[in-house]
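With compact mmCIF, C-alpha atoms inside, this is entry-v9.txt:
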# COMPACT_ATOMS: atom_id res chain seq x y z
CA MET J 1 30.67 -40.40 -0.05
CA LYS J 2 26.95 -41.17 -0.41
CA ARG J 3 26.25 -39.30 2.82
CA ILE J 4 27.98 -36.18 1.57
CA GLY J 5 26.04 -36.31 -1.70
CA LEU J 6 22.80 -36.82 0.20
CA LEU J 7 23.64 -33.93 2.51
CA PHE J 8 24.31 -31.55 -0.40
CA THR J 9 21.11 -32.62 -2.14
CA LEU J 10 19.12 -32.01 1.03
CA LEU J 11 20.71 -28.58 1.53
CA ILE J 12 19.95 -27.55 -2.04
CA LEU J 13 16.32 -28.64 -1.71
CA LEU J 14 15.86 -26.80 1.57
CA THR J 15 17.37 -23.56 0.32
CA GLY J 16 15.31 -23.75 -2.86
CA CYS J 17 12.10 -23.97 -0.85
CA SER J 18 12.65 -20.74 1.05
CA GLU J 19 10.44 -18.04 -0.40
CA LYS J 20 11.92 -14.64 0.35
CA GLY J 21 11.57 -11.36 -1.39
CA THR J 22 9.65 -8.23 -2.17
CA LYS J 23 7.45 -7.48 -5.17
CA ILE J 24 6.27 -3.91 -5.70
CA GLU J 25 3.95 -2.53 -8.38
CA ASN J 26 3.99 1.26 -8.60
CA THR J 27 1.56 3.23 -10.79
CA THR J 28 2.24 6.55 -9.03
CA ALA J 29 5.00 9.13 -8.86
CA TYR J 30 5.93 8.07 -5.31
CA ASP J 31 9.38 6.60 -4.66
CA GLU J 32 9.15 2.85 -4.11
CA ASP J 33 12.71 2.53 -2.79
CA LYS J 34 11.62 3.74 0.66
CA LEU J 35 8.85 1.13 0.68
CA GLU J 36 11.27 -1.64 -0.19
CA GLU J 37 13.70 -0.41 2.47
CA VAL J 38 11.01 -0.51 5.20
CA LEU J 39 9.93 -4.02 4.19
CA ASP J 40 13.48 -5.37 3.94
CA GLN J 41 14.50 -3.90 7.31
CA ASN J 42 12.01 -6.08 9.17
CA SER J 43 13.66 -9.44 9.84
CA HIS J 44 10.31 -11.12 10.51
CA VAL J 45 9.02 -10.56 6.96
CA LYS J 46 9.58 -13.49 4.63
CA LEU J 47 7.63 -12.22 1.61
CA ALA J 48 6.00 -8.89 0.82
CA ILE J 49 3.82 -7.85 -2.10
CA ALA J 50 2.89 -4.18 -2.38
CA LEU J 51 0.81 -2.06 -4.74
CA LEU J 52 1.03 1.73 -4.96
CA HIS J 53 -1.98 3.06 -6.89
CA GLU J 54 -3.42 6.60 -6.83
CA LYS J 55 -3.87 7.36 -3.10
CA ASP J 56 -3.60 3.76 -1.85
CA LEU J 57 -0.76 1.58 -0.65
CA ILE J 58 -1.76 -2.06 -0.19
CA THR J 59 0.83 -4.42 1.30
CA GLY J 60 0.44 -8.11 1.99
CA ILE J 61 3.16 -9.77 4.04
CA ARG J 62 4.09 -13.31 4.99
CA VAL J 63 6.04 -13.65 8.22
CA ASN J 64 8.61 -16.23 9.23
CA THR J 65 7.27 -19.42 10.77
CA PHE J 66 8.42 -18.62 14.29
CA SER J 67 6.92 -15.12 14.12
CA ARG J 68 3.42 -16.20 13.14
CA PHE J 69 2.02 -15.55 16.62
CA GLN J 70 3.05 -11.89 16.31
CA LYS J 71 1.57 -11.31 12.85
CA LYS J 72 -0.74 -8.47 13.87
CA LYS J 73 1.98 -6.65 15.80
CA ILE J 74 4.45 -6.97 12.91
CA ALA J 75 1.85 -5.72 10.41
CA SER J 76 0.96 -2.84 12.74
CA ASP J 77 4.62 -1.81 13.12
CA ILE J 78 5.16 -1.86 9.36
CA LYS J 79 1.96 0.13 8.82
CA LYS J 80 3.14 2.84 11.26
CA LYS J 81 6.50 3.11 9.50
CA LEU J 82 4.87 3.30 6.07
CA GLU J 83 2.41 5.96 7.24
CA LYS J 84 5.39 8.09 8.32
CA VAL J 85 7.09 7.61 4.94
CA TYR J 86 3.90 8.08 2.87
CA PRO J 87 1.65 10.47 4.85
CA ASP J 88 -0.50 11.32 1.79
CA LEU J 89 -1.45 7.69 1.08
CA THR J 90 -4.04 5.42 2.63
CA VAL J 91 -1.86 2.58 3.92
CA THR J 92 -3.16 -0.97 4.34
CA VAL J 93 -0.82 -3.66 5.66
CA SER J 94 -1.98 -7.18 6.42
CA ALA J 95 -0.28 -10.44 7.35
CA ASP J 96 -3.39 -12.34 6.23
CA SER J 97 -2.59 -14.78 3.44
CA LYS J 98 -5.84 -13.94 1.64
CA VAL J 99 -4.79 -10.28 1.30
CA LEU J 100 -1.35 -11.37 0.11
CA LEU J 101 -2.80 -13.66 -2.55
CA GLU J 102 -5.39 -11.14 -3.76
CA THR J 103 -2.72 -8.44 -4.08
CA LYS J 104 -0.49 -10.83 -6.01
CA LYS J 105 -3.38 -11.76 -8.35
CA LEU J 106 -4.16 -8.09 -8.92
CA ILE J 107 -0.56 -7.24 -9.83
CA ASP J 108 -0.23 -10.27 -12.11
CA LYS J 109 -3.37 -9.36 -14.10
CA GLU J 110 -1.87 -5.97 -15.03
CA LYS J 111 -5.25 -4.36 -15.80
CA GLN J 112 -4.81 -0.96 -14.20
CA ASP J 113 -8.36 0.15 -14.95
CA GLU J 114 -9.66 -2.53 -12.52
CA TYR J 115 -7.19 -1.71 -9.74
CA GLN J 116 -9.44 0.59 -7.70
CA LYS J 117 -12.35 -1.85 -7.56
CA LYS J 118 -10.06 -4.70 -6.48
CA ILE J 119 -8.25 -2.48 -3.97
CA ASP J 120 -11.58 -1.72 -2.30
CA LYS J 121 -12.28 -5.47 -2.18
CA ILE J 122 -8.87 -6.14 -0.58
CA LYS J 123 -9.48 -3.40 2.00
CA SER J 124 -12.82 -4.97 2.90
CA ILE J 125 -11.13 -8.37 3.33
CA GLU J 126 -8.57 -6.76 5.65
CA LYS J 127 -11.27 -5.04 7.71
CA GLU J 128 -13.21 -8.30 7.87
CA GLN J 129 -10.24 -9.95 9.60
CA THR J 130 -9.99 -7.33 12.34
Translate this structure into structure tokens?
Amino acid sequence: MKRIGLLFTLLILLTGCSEKGTKIENTTAYDEDKLEEVLDQNSHVKLAIALLHEKDLITGIRVNTFSRFQKKKIASDIKKKLEKVYPDLTVTVSADSKVLLETKKLIDKEKQDEYQKKIDKIKSIEKEQT
């Protein structure tokens, strides 16, 4: 009986630790459902945070543990798909954790007047990595 209780406790802890989802902040008239669909279709993506602002689309992704050696290829594939869906936007997709965290911080602050300056900073971080 103790083993079964221990097993259930362990399963609950392990499922609670999995971070999966998509967070999108949209300040434009573009449809964000297509963005969410592209991000959710990719089975390698564990977490995605995206910001649609003026003519920019910034997306930070975290890939599954076993896909970490293919991070650049996964980010590149997602970028190509997003460029097809949003041809008018400048699309930036990165699997770098620094880009993901900076995008999350920017969305959490909710100061839209500072978005463009921070977006330029995030783009420079992404270019720095390549």
Tell me which of J:Lys34, J:Arg62, J:Arg3, J:Lys104 sits closest to Glu83 (chain J), counting all atoms listed in the file.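 Checking each candidate against Glu83 (chain J), we get J:Lys34 as the closest.
Using all atoms listed in the file for every distance, the candidate list J:Val85, J:Ile125, J:Ile24, J:Ile119 yields J:Ile24 as the residue closest to Glu36 (chain J).
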Considering only C-alpha atoms, return as JSON, numbers by chain whatever protein or nucleic-acid residues lie within 10 Å of region 41-52 of chain J, sequence-local ones (same chain, fewer than 5 positions apart) excluded. {"J": [18, 19, 20, 21, 22, 23, 24, 25, 26, 27, 28, 29, 30, 31, 32, 35, 36, 57, 58, 59, 60, 61, 62, 63, 64, 65, 66, 67, 68, 70, 71, 74, 75, 77, 78, 89, 90, 91, 92, 93, 94, 95, 99, 100, 101, 102, 103, 104, 106, 107, 115, 119]}
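Our summary of the geometry notes that CA of Lys111 (chain J) is positioned 26.6 Å from CA of Glu37 (chain J).
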In Å, how far is it from CA of Lys81 (chain J) to CA of Glu114 (chain J)? 27.9 Å
For CA of Asp108 (chain J) and CA of Asp40 (chain J), quote the distance in Å rounded to one decimal. 21.7 Å
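The closest residue to Glu54 (chain J), picked from J:Asp88, J:Asp33, J:Val38, J:Ser124 and counting all atoms listed in the file, is J:Asp88.
Taking all atoms listed in the file into account, Lys55 (chain J) lies nearest to J:Tyr86 out of the set J:Lys72, J:Ser97, J:Tyr86, J:Met1.
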Would you mind completing region 53-81 of chain J so that it carries N, CA and C atoms, and writing it out as a short mmCIF file (atom, residue, chain, number, x, y, z; two decimals), keeping the file's coordinate frame?
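Output (out-v3.cif):
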data_model
loop_
_atom_site.label_atom_id
_atom_site.label_comp_id
_atom_site.auth_asym_id
_atom_site.auth_seq_id
_atom_site.Cartn_x
_atom_site.Cartn_y
_atom_site.Cartn_z
N HIS J 53 -1.05 2.64 -5.83
CA HIS J 53 -1.98 3.06 -6.89
C HIS J 53 -2.78 4.26 -6.40
N GLU J 54 -2.74 5.34 -7.16
CA GLU J 54 -3.42 6.60 -6.83
C GLU J 54 -3.12 7.00 -5.39
N LYS J 55 -4.08 6.94 -4.49
CA LYS J 55 -3.87 7.36 -3.10
C LYS J 55 -3.83 6.17 -2.14
N ASP J 56 -3.59 4.97 -2.67
CA ASP J 56 -3.60 3.76 -1.85
C ASP J 56 -2.26 3.04 -1.90
N LEU J 57 -1.91 2.47 -0.75
CA LEU J 57 -0.76 1.58 -0.65
C LEU J 57 -1.25 0.31 0.04
N ILE J 58 -1.31 -0.77 -0.71
CA ILE J 58 -1.76 -2.06 -0.19
C ILE J 58 -0.53 -2.96 -0.08
N THR J 59 -0.31 -3.54 1.09
CA THR J 59 0.83 -4.42 1.30
C THR J 59 0.38 -5.69 2.00
N GLY J 60 0.68 -6.81 1.38
CA GLY J 60 0.44 -8.11 1.99
C GLY J 60 1.78 -8.71 2.37
N ILE J 61 1.88 -9.21 3.59
CA ILE J 61 3.16 -9.77 4.04
C ILE J 61 2.97 -11.20 4.53
N ARG J 62 4.03 -11.97 4.40
CA ARG J 62 4.09 -13.31 4.99
C ARG J 62 5.26 -13.29 5.95
N VAL J 63 5.00 -13.70 7.19
CA VAL J 63 6.04 -13.65 8.22
C VAL J 63 6.71 -15.01 8.35
N ASN J 64 7.89 -14.99 8.98
CA ASN J 64 8.61 -16.23 9.23
C ASN J 64 7.78 -17.14 10.12
N THR J 65 8.05 -18.42 10.04
CA THR J 65 7.27 -19.42 10.77
C THR J 65 7.24 -19.15 12.27
N PHE J 66 8.36 -18.81 12.84
CA PHE J 66 8.42 -18.62 14.29
C PHE J 66 7.85 -17.28 14.73
N SER J 67 7.51 -16.42 13.79
CA SER J 67 6.92 -15.12 14.12
C SER J 67 5.42 -15.08 13.89
N ARG J 68 4.83 -16.19 13.54
CA ARG J 68 3.42 -16.20 13.14
C ARG J 68 2.47 -15.80 14.26
N PHE J 69 2.89 -15.94 15.51
CA PHE J 69 2.02 -15.55 16.62
C PHE J 69 2.03 -14.04 16.86
N GLN J 70 2.94 -13.34 16.18
CA GLN J 70 3.05 -11.89 16.31
C GLN J 70 2.66 -11.18 15.02
N LYS J 71 1.91 -11.86 14.16
CA LYS J 71 1.57 -11.31 12.85
C LYS J 71 0.93 -9.93 12.92
N LYS J 72 -0.04 -9.76 13.78
CA LYS J 72 -0.74 -8.47 13.87
C LYS J 72 0.19 -7.36 14.33
N LYS J 73 1.05 -7.65 15.30
CA LYS J 73 1.98 -6.65 15.80
C LYS J 73 2.99 -6.27 14.72
N ILE J 74 3.49 -7.24 13.98
CA ILE J 74 4.45 -6.97 12.91
C ILE J 74 3.79 -6.12 11.83
N ALA J 75 2.58 -6.49 11.43
CA ALA J 75 1.85 -5.72 10.41
C ALA J 75 1.58 -4.30 10.90
N SER J 76 1.23 -4.16 12.16
CA SER J 76 0.96 -2.84 12.74
C SER J 76 2.22 -1.98 12.74
N ASP J 77 3.36 -2.56 13.10
CA ASP J 77 4.62 -1.81 13.12
C ASP J 77 5.00 -1.34 11.72
N ILE J 78 4.84 -2.22 10.74
CA ILE J 78 5.16 -1.86 9.36
C ILE J 78 4.22 -0.77 8.87
N LYS J 79 2.94 -0.88 9.23
CA LYS J 79 1.96 0.13 8.82
C LYS J 79 2.33 1.51 9.38
N LYS J 80 2.74 1.57 10.64
CA LYS J 80 3.14 2.84 11.26
C LYS J 80 4.34 3.45 10.54
N LYS J 81 5.32 2.61 10.20
CA LYS J 81 6.50 3.11 9.50
C LYS J 81 6.13 3.62 8.11
#
